[in-house]
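Engineer: Below is my_file_3.txt; it holds compact mmCIF, C-alpha atoms and all ligand atoms.
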# COMPACT_ATOMS: atom_id res chain seq x y z
CA MET A 15 0.00 0.00 0.00
CA ASN A 16 1.18 3.50 -0.88
CA LEU A 17 -0.16 6.47 0.98
CA ILE A 18 -1.23 9.44 -1.15
CA ASP A 19 0.02 12.37 0.87
CA GLY A 20 -2.31 15.29 0.15
CA LYS A 21 -0.71 17.44 2.83
CA ALA A 22 2.74 17.20 1.23
CA LEU A 23 1.42 17.84 -2.28
CA ALA A 24 -0.62 20.82 -1.04
CA ALA A 25 2.50 22.30 0.59
CA GLU A 26 4.51 21.78 -2.60
CA MET A 27 1.80 23.41 -4.72
CA ARG A 28 1.50 26.39 -2.40
CA VAL A 29 5.19 27.18 -2.93
CA GLN A 30 4.66 27.13 -6.71
CA LEU A 31 1.49 29.22 -6.42
CA ARG A 32 3.34 31.82 -4.38
CA GLU A 33 5.93 32.11 -7.15
CA GLN A 34 3.19 32.48 -9.76
CA ALA A 35 1.39 35.11 -7.68
CA GLU A 36 4.64 37.05 -7.31
CA ARG A 37 5.28 36.86 -11.05
CA PHE A 38 1.77 38.13 -11.69
CA TYR A 39 2.46 41.12 -9.42
CA GLU A 40 5.74 41.90 -11.21
CA GLU A 41 4.11 41.70 -14.62
CA ARG A 42 0.78 43.39 -13.92
CA GLY A 43 1.54 45.72 -11.02
CA ARG A 44 -1.36 44.39 -8.97
CA ARG A 45 -1.78 41.42 -6.70
CA VAL A 46 -3.84 38.35 -7.37
CA GLY A 47 -6.99 39.03 -5.34
CA LEU A 48 -9.64 36.78 -3.82
CA ALA A 49 -12.83 38.09 -2.22
CA VAL A 50 -14.44 35.90 0.42
CA VAL A 51 -17.98 36.73 1.50
CA LEU A 52 -19.44 35.27 4.67
CA VAL A 53 -23.00 35.98 5.75
CA GLY A 54 -23.93 35.08 9.32
CA GLU A 55 -22.08 33.43 12.18
CA ASP A 56 -22.12 29.71 11.32
CA PRO A 57 -19.11 28.38 13.30
CA ALA A 58 -17.99 25.86 10.63
CA SER A 59 -18.19 28.53 7.91
CA GLN A 60 -16.12 30.88 10.06
CA VAL A 61 -13.39 28.26 10.35
CA TYR A 62 -13.45 27.62 6.58
CA VAL A 63 -13.23 31.33 5.83
CA ARG A 64 -10.36 31.77 8.28
CA ASN A 65 -8.48 28.88 6.66
CA LYS A 66 -9.02 30.32 3.19
CA ILE A 67 -7.67 33.71 4.27
CA LYS A 68 -4.66 31.98 5.85
CA ALA A 69 -4.01 30.08 2.62
CA CYS A 70 -4.15 33.39 0.71
CA GLU A 71 -1.48 34.83 3.00
CA GLU A 72 0.66 31.74 2.50
CA THR A 73 0.43 31.94 -1.30
CA GLY A 74 0.84 35.72 -1.68
CA ILE A 75 -2.77 36.27 -2.73
CA GLN A 76 -4.48 39.39 -1.44
CA SER A 77 -7.66 38.47 0.38
CA PHE A 78 -10.68 40.73 0.74
CA ALA A 79 -12.90 39.40 3.49
CA TYR A 80 -16.49 40.58 3.91
CA ARG A 81 -18.27 39.40 7.04
CA LEU A 82 -21.91 40.41 6.91
CA PRO A 83 -24.59 40.01 9.61
CA ALA A 84 -27.03 37.09 9.36
CA ASP A 85 -29.94 39.43 8.60
CA THR A 86 -28.26 40.95 5.52
CA GLN A 87 -30.85 41.63 2.82
CA GLU A 88 -30.61 40.27 -0.70
CA GLU A 89 -30.22 43.71 -2.36
CA GLU A 90 -27.34 44.54 -0.03
CA LEU A 91 -25.48 41.32 -0.81
CA ILE A 92 -26.11 41.66 -4.54
CA ALA A 93 -24.81 45.26 -4.46
CA LEU A 94 -21.63 44.05 -2.77
CA LEU A 95 -21.16 41.23 -5.29
CA ASP A 96 -21.69 43.59 -8.22
CA LYS A 97 -18.97 45.84 -6.79
CA LEU A 98 -16.59 42.89 -6.44
CA VAL A 99 -17.36 41.71 -9.98
CA ALA A 100 -16.44 45.16 -11.33
CA SER A 101 -13.20 45.45 -9.34
CA GLU A 102 -9.95 44.84 -11.24
CA ASP A 103 -8.24 43.96 -7.97
CA ILE A 104 -10.46 40.93 -7.45
CA HIS A 105 -9.94 37.90 -9.67
CA GLY A 106 -11.96 35.38 -7.71
CA ILE A 107 -15.13 35.66 -5.66
CA LEU A 108 -16.29 33.11 -3.19
CA VAL A 109 -19.54 33.19 -1.26
CA GLN A 110 -19.27 30.82 1.68
CA LEU A 111 -22.18 28.38 1.73
CA PRO A 112 -24.64 27.72 3.20
CA LEU A 113 -26.28 31.14 3.13
CA PRO A 114 -28.95 32.04 5.73
CA LYS A 115 -32.35 30.66 4.75
CA HIS A 116 -33.93 33.98 3.69
CA LEU A 117 -31.35 34.41 0.90
CA ASP A 118 -31.85 32.75 -2.49
CA GLU A 119 -28.58 30.90 -2.98
CA ARG A 120 -29.08 30.36 -6.70
CA LYS A 121 -29.93 33.98 -7.38
CA ILE A 122 -26.99 35.24 -5.31
CA LEU A 123 -24.44 32.89 -6.89
CA SER A 124 -25.65 33.77 -10.38
CA ARG A 125 -24.22 37.29 -9.89
CA ILE A 126 -20.69 35.86 -10.03
CA PRO A 127 -19.47 35.60 -13.64
CA ALA A 128 -17.81 32.34 -14.72
CA ALA A 129 -14.40 34.01 -15.01
CA LYS A 130 -14.44 34.91 -11.28
CA ASP A 131 -16.25 31.76 -10.08
CA VAL A 132 -13.20 30.18 -8.44
CA ASP A 133 -15.36 27.52 -6.78
CA GLY A 134 -16.27 26.27 -10.26
CA PHE A 135 -19.93 25.88 -9.25
CA CYS A 136 -21.74 27.99 -11.86
CA ALA A 137 -23.65 26.44 -14.75
CA GLN A 138 -21.26 27.84 -17.36
CA ASN A 139 -18.18 26.36 -15.69
CA VAL A 140 -19.91 23.04 -15.06
CA GLY A 141 -21.14 22.98 -18.67
CA ASN A 142 -17.65 23.68 -19.98
CA LEU A 143 -16.30 20.86 -17.83
CA ALA A 144 -18.94 18.51 -19.26
CA MET A 145 -17.86 19.53 -22.77
CA ASN A 146 -14.16 19.23 -21.84
CA ARG A 147 -13.50 22.88 -22.64
CA GLU A 148 -11.50 25.55 -20.82
CA THR A 149 -13.19 26.16 -17.48
CA ILE A 150 -12.71 26.53 -13.74
CA VAL A 151 -13.07 23.15 -12.05
CA ALA A 152 -14.56 22.60 -8.58
CA CYS A 153 -11.73 22.50 -6.05
CA THR A 154 -12.22 19.12 -4.36
CA PRO A 155 -12.45 16.89 -7.46
CA TYR A 156 -9.75 18.92 -9.19
CA GLY A 157 -7.52 18.30 -6.17
CA VAL A 158 -8.15 14.56 -6.56
CA MET A 159 -6.99 14.73 -10.19
CA LYS A 160 -3.81 16.53 -9.10
CA MET A 161 -3.13 13.79 -6.56
CA LEU A 162 -3.58 11.04 -9.16
CA GLU A 163 -1.24 12.90 -11.52
CA LYS A 164 1.38 13.39 -8.81
CA TYR A 165 1.44 9.66 -8.08
CA GLY A 166 1.60 8.68 -11.75
CA ILE A 167 -1.89 7.17 -11.77
CA ASP A 168 -3.30 7.63 -15.27
CA PRO A 169 -7.08 7.05 -15.40
CA LYS A 170 -6.92 6.28 -19.14
CA GLY A 171 -8.66 2.99 -19.89
CA LYS A 172 -9.22 2.27 -16.18
CA THR A 173 -12.54 1.45 -14.58
CA ALA A 174 -13.40 4.31 -12.24
CA VAL A 175 -16.28 4.27 -9.78
CA VAL A 176 -17.43 7.46 -8.08
CA LEU A 177 -19.55 6.91 -5.01
CA GLY A 178 -21.72 10.04 -4.50
CA ARG A 179 -23.33 12.36 -7.06
CA SER A 180 -23.31 15.81 -5.45
CA ASN A 181 -22.88 18.88 -7.65
CA ILE A 182 -19.72 19.90 -5.83
CA VAL A 183 -17.89 16.56 -5.64
CA GLY A 184 -19.38 13.44 -7.25
CA LYS A 185 -20.60 14.80 -10.59
CA PRO A 186 -17.58 16.96 -11.46
CA MET A 187 -15.32 14.11 -10.29
CA ALA A 188 -17.02 11.74 -12.71
CA MET A 189 -16.66 14.24 -15.56
CA LEU A 190 -12.98 14.79 -14.84
CA LEU A 191 -12.30 11.06 -14.86
CA LEU A 192 -14.30 10.68 -18.07
CA ASN A 193 -12.35 13.55 -19.65
CA ALA A 194 -9.21 11.67 -18.60
CA ASP A 195 -10.43 8.62 -20.56
CA ALA A 196 -11.53 6.42 -17.68
CA THR A 197 -14.66 4.28 -17.97
CA VAL A 198 -16.80 5.82 -15.28
CA THR A 199 -19.71 4.61 -13.17
CA VAL A 200 -21.45 6.95 -10.72
CA CYS A 201 -23.17 5.41 -7.70
CA HIS A 202 -25.62 6.93 -5.21
CA SER A 203 -28.15 5.99 -2.56
CA LYS A 204 -30.41 4.20 -5.06
CA THR A 205 -27.66 2.10 -6.67
CA LYS A 206 -28.23 -1.63 -6.60
CA ASN A 207 -25.37 -4.09 -6.06
CA LEU A 208 -23.22 -1.28 -4.68
CA LYS A 209 -20.67 -3.71 -3.28
CA GLU A 210 -20.14 -5.42 -6.64
CA VAL A 211 -19.94 -2.15 -8.56
CA CYS A 212 -17.39 -0.67 -6.14
CA ALA A 213 -15.38 -3.90 -6.19
CA SER A 214 -15.04 -3.59 -9.98
CA ALA A 215 -13.16 -0.27 -9.70
CA ASP A 216 -9.51 0.26 -10.53
CA ILE A 217 -10.01 3.75 -9.14
CA LEU A 218 -12.63 4.22 -6.43
CA VAL A 219 -13.51 7.75 -5.32
CA VAL A 220 -15.81 7.94 -2.31
CA ALA A 221 -17.77 11.08 -1.39
CA ILE A 222 -20.93 10.22 0.53
CA GLY A 223 -20.49 11.54 4.06
CA ARG A 224 -20.90 8.18 5.87
CA ALA A 225 -18.16 7.30 8.33
CA LYS A 226 -16.13 4.20 7.30
CA PHE A 227 -18.90 3.09 4.90
CA VAL A 228 -16.59 1.47 2.35
CA THR A 229 -15.34 -1.81 3.75
CA ALA A 230 -12.57 -4.07 2.43
CA ASP A 231 -15.04 -6.40 0.64
CA MET A 232 -16.12 -3.46 -1.54
CA VAL A 233 -12.60 -2.89 -2.82
CA LYS A 234 -10.70 -4.73 -5.54
CA GLU A 235 -7.21 -5.96 -4.73
CA GLY A 236 -4.75 -3.31 -5.93
CA ALA A 237 -7.35 -0.55 -6.42
CA VAL A 238 -6.60 3.14 -5.97
CA VAL A 239 -8.90 4.44 -3.23
CA ILE A 240 -9.61 8.15 -2.81
CA ASP A 241 -11.55 9.11 0.29
CA VAL A 242 -13.22 12.53 0.10
CA GLY A 243 -15.36 12.04 3.21
CA MET A 244 -14.93 14.13 6.32
CA ASP A 245 -16.86 12.41 9.04
CA ARG A 246 -16.71 11.66 12.77
CA ASP A 247 -16.30 8.10 14.04
CA GLU A 248 -18.01 6.65 17.12
CA ASN A 249 -15.45 8.42 19.34
CA GLY A 250 -15.91 11.77 17.66
CA LYS A 251 -12.57 11.45 15.85
CA LEU A 252 -12.23 12.78 12.30
CA CYS A 253 -12.39 9.97 9.74
CA GLY A 254 -13.36 9.37 6.13
CA ASP A 255 -15.99 7.41 4.23
CA VAL A 256 -13.55 4.49 3.91
CA ASP A 257 -12.63 1.96 6.58
CA PHE A 258 -9.00 2.95 6.18
CA ASP A 259 -7.34 0.34 8.45
CA ARG A 260 -8.89 -2.61 6.56
CA VAL A 261 -9.01 -1.17 3.07
CA LYS A 262 -5.35 -0.12 3.10
CA GLU A 263 -4.41 -3.81 3.12
CA LYS A 264 -6.01 -4.24 -0.31
CA ALA A 265 -5.43 -0.88 -1.99
CA SER A 266 -2.36 -0.10 -4.07
CA TYR A 267 -2.78 3.60 -3.23
CA ILE A 268 -5.02 5.21 -0.65
CA THR A 269 -5.64 8.70 0.75
CA PRO A 270 -5.76 9.11 4.54
CA VAL A 271 -8.26 11.27 6.45
CA PRO A 272 -7.02 13.69 7.65
CA GLY A 273 -4.09 14.55 5.39
CA GLY A 274 -5.49 13.41 2.04
CA VAL A 275 -8.09 15.22 -0.03
CA GLY A 276 -8.82 17.90 2.61
CA PRO A 277 -5.57 19.93 2.37
CA MET A 278 -5.80 19.84 -1.43
CA THR A 279 -9.22 21.50 -1.56
CA ILE A 280 -8.16 24.92 -0.23
CA THR A 281 -4.95 24.73 -2.24
CA MET A 282 -7.01 24.25 -5.41
CA LEU A 283 -9.00 27.34 -4.49
CA MET A 284 -5.72 29.27 -4.52
CA TYR A 285 -4.81 27.53 -7.78
CA ASN A 286 -8.12 28.56 -9.37
CA THR A 287 -7.67 32.14 -8.18
CA VAL A 288 -4.19 32.40 -9.71
CA LEU A 289 -5.57 30.82 -12.89
CA ALA A 290 -8.49 33.29 -13.02
CA ALA A 291 -6.03 36.16 -12.53
CA SER A 292 -3.75 34.90 -15.30
CA ARG A 293 -6.73 34.69 -17.69
CA SER A 294 -7.96 38.21 -16.79
CA LYS A 295 -7.31 41.03 -19.22
P1 LIG A 301 -23.77 15.28 -0.29
O1 LIG A 301 -24.13 16.48 -1.08
O2 LIG A 301 -24.48 14.99 0.98
O3 LIG A 301 -23.92 14.02 -1.28
C1 LIG A 301 -23.76 12.72 -0.81
C2 LIG A 301 -23.91 11.75 -1.93
O4 LIG A 301 -23.67 10.45 -1.41
C3 LIG A 301 -25.29 11.74 -2.57
O5 LIG A 301 -25.17 11.62 -3.98
C4 LIG A 301 -25.95 10.50 -1.97
O6 LIG A 301 -26.85 9.85 -2.84
C5 LIG A 301 -24.75 9.60 -1.76
N1 LIG A 301 -24.98 8.67 -0.66
C6 LIG A 301 -25.31 8.95 0.63
N2 LIG A 301 -25.44 7.83 1.33
C7 LIG A 301 -25.22 6.81 0.50
C8 LIG A 301 -25.21 5.40 0.64
N3 LIG A 301 -25.49 4.82 1.81
N4 LIG A 301 -24.92 4.66 -0.44
C9 LIG A 301 -24.65 5.22 -1.63
N5 LIG A 301 -24.63 6.55 -1.82
C10 LIG A 301 -24.90 7.33 -0.77
O7 LIG A 301 -22.23 15.26 0.08
P2 LIG A 301 -20.94 15.99 -0.56
O8 LIG A 301 -21.06 17.45 -0.37
O9 LIG A 301 -20.65 15.44 -1.91
O10 LIG A 301 -19.83 15.45 0.45
C11 LIG A 301 -19.55 14.09 0.62
C12 LIG A 301 -18.51 13.93 1.72
O11 LIG A 301 -17.33 14.59 1.32
C13 LIG A 301 -18.88 14.54 3.06
O12 LIG A 301 -18.30 13.75 4.10
C14 LIG A 301 -18.20 15.89 3.04
O13 LIG A 301 -17.90 16.38 4.34
C15 LIG A 301 -16.95 15.54 2.30
N6 LIG A 301 -16.31 16.68 1.60
C16 LIG A 301 -14.98 16.83 1.80
C17 LIG A 301 -14.31 17.83 1.15
C18 LIG A 301 -12.85 17.95 1.36
O14 LIG A 301 -12.27 18.96 1.05
N7 LIG A 301 -12.20 16.91 1.89
C19 LIG A 301 -14.97 18.70 0.29
C20 LIG A 301 -16.36 18.51 0.08
C21 LIG A 301 -17.01 17.48 0.74
P3 LIG A 301 -28.24 10.52 -3.34
O15 LIG A 301 -27.82 11.55 -4.36
O16 LIG A 301 -28.99 9.40 -3.92
O17 LIG A 301 -28.87 11.13 -2.13
Let me see whether you can do it: turn the structure in this file into structure tokens.
Ligand code: NAP
Structural biologist:
Amino acid sequence: MNLIDGKALAAEMRVQLREQAERFYEERGRRVGLAVVLVGEDPASQVYVRNKIKACEETGIQSFAYRLPADTQEEELIALLDKLVASEDIHGILVQLPLPKHLDERKILSRIPAAKDVDGFCAQNVGNLAMNRETIVACTPYGVMKMLEKYGIDPKGKTAVVLGRSNIVGKPMAMLLLNADATVTVCHSKTKNLKEVCASADILVVAIGRAKFVTADMVKEGAVVIDVGMDRDENGKLCGDVDFDRVKEKASYITPVPGGVGPMTITMLMYNTVLAASRSK
């Protein structure tokens, strides 16, 4: 078994991103800029936002943080977003989700143009991904592709199974693997014979949010296993969707939790921001 070290790759990529951000500043006379908008006081969202701002500092990206009260009205938030969209200092805009219930998430997010949608969530970016055209790819699945590449795992011709079909992980993951010439199956809560389907995978990506759900009998000998899950086990300890201790005995490569996909996600946000800046006029 080989461990796929997301923490090490993330650190390596952040050094490269810092160099790229510095080069951008030398060439353009302005910094790469990321705006992060947080509405309300959700504790988990506050931690995520803090970590994103820290990652900006680490990579030489200028962060613009907007912390708005939970009762912020739609017009107010839209006015702020329109201002950020127009600003030449801001290359990426991120609205931390979930938004408070009274705000229409879809309407709010639609104010962010594809070129500044560094989360890669908008319909235009998702559509471009589906058509294998230039786009901005959602951070978590893109991070998985970077990990596969780093470890010399080429999906071409392989059987890939993606467990989970969310818009932010499962679906874009499946499209990326398909674009990389894998033969892809997407599974979800209604899939029959889940065990057999998973056990057919050369590459198994799991993103369902169920602690240690994938057991050794669901994994083919020698498979590459990527665990996107971030769950709590029976003792409240952070764990993934994969029963790591058993599955590692069968996998050729496996990501740990923590230290696997997680550290790559924020790094890919920085990557997307530098990319958006480099594409800006
Ligand atoms: P989500 O939106 O809740 O989607 C979960 C998916 O898993 C759904 O498609 C669901 O099927 C499927 N599913 C749930 N239970 C299942 C079961 N028993 N058998 C088969 N399929 C099942 O979750 P998400 O946002 O994609 O996140 C998934 C996990 O990844 C979570 O643990 C989350 O915390 C983690 N995550 C980690 C990162 C990171 O940076 N490491 C980033 C994002 C998410 P249906 O569609 O049929 O309901």
Engineer: Take CA of Ala25 in chain A and CA of Ile280 in chain A and report the distance between them in Å, one decimal.
Structural biologist: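 CA of Ile280 in chain A lies at a distance of 11.0 Å from CA of Ala25 in chain A.
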Engineer: Need the shell around range 167-174 of chain A: protein/DNA/RNA residues with any atom at most 7 Å away, counting all atoms listed in the file. Skip same-chain ones fewer than 5 positions apart. Format as a PyMOL selection string?
Structural biologist: chain A and resi 162+191+194-199+215-218
Engineer: Neighbours of ligand LIG 301 (chain A) at 10 Å or closer, counting all atoms listed in the file: which residues, as a count of residues only?
Structural biologist: 54
Engineer: Restricting the calculation to all atoms listed in the file, which member of A:Gln87, A:Gln110, A:Ala93, A:Tyr285 is positioned closest to Ala58 in chain A?
Structural biologist: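 For Ala58 in chain A, the nearest of the given residues is A:Gln110.
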Engineer: Which residues come within 9 Å of Ala144 in chain A, counting only C-alpha atoms, excluding same-chain residues fewer than 5 positions away, as a list in words?
Structural biologist: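 In the requested format, the answer is Asn139, Pro186, Met189, Leu190 and Asn193 of chain A.
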Engineer: Any idea what the distance is between CA of Lys160 in chain A and CA of Val132 in chain A?
Structural biologist: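 Atom-to-atom, CA of Lys160 in chain A and CA of Val132 in chain A are spaced 16.6 Å apart.
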Engineer: Please indicate the distance in Å from CA of Asp247 in chain A to CA of Lys226 in chain A, rounded to one decimal place.
Structural biologist: 7.8 Å
Engineer: Just want the 10 Å neighbourhood of range 31-45 of chain A, counted on only C-alpha atoms, with same-chain residues fewer than 6 positions away dropped. Output as a ChimeraX atom specification.
Structural biologist: /A:25,70-77,102-105,281-282,284-285,287-289,291-292,295
Engineer: Out of A:Leu111, A:Ile92, A:Val151, A:Val175, which residue has the shortest atom-to-atom distance to Ser124 in chain A when counting only C-alpha atoms?
Structural biologist: A:Ile92
Engineer: Extract, using only C-alpha atoms, all DNA, RNA and protein residues at most 12 Å from Gln60 in chain A, discarding same-chain residues fewer than 2 positions from it, and format them as an MDAnalysis selection string.
Structural biologist: chainID A and resid 50:58 62:67 79:82 110:112
Engineer: Using only C-alpha atoms, which residues sit within 8 Å of Met161 in chain A once same-chain residues fewer than 3 positions away are excluded, as a list in words?
Structural biologist: Ile18, Gly20, Leu23, Gly157, Val158, Lys164 and Tyr165 of chain A
Engineer: Looking at A:Leu17, A:Val140, A:Leu252, A:Ala188, which one is nearest to Ser266 in chain A, with distances taken over only C-alpha atoms?
Structural biologist: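 Closest candidate: A:Leu17.
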Engineer: Between A:Asp85, A:Val233, A:Asn249, A:Val46, which is the closest to Lys262 in chain A once you count only C-alpha atoms?
Structural biologist: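 Ranking A:Asp85, A:Val233, A:Asn249, A:Val46 by distance to Lys262 in chain A, first place goes to A:Val233.
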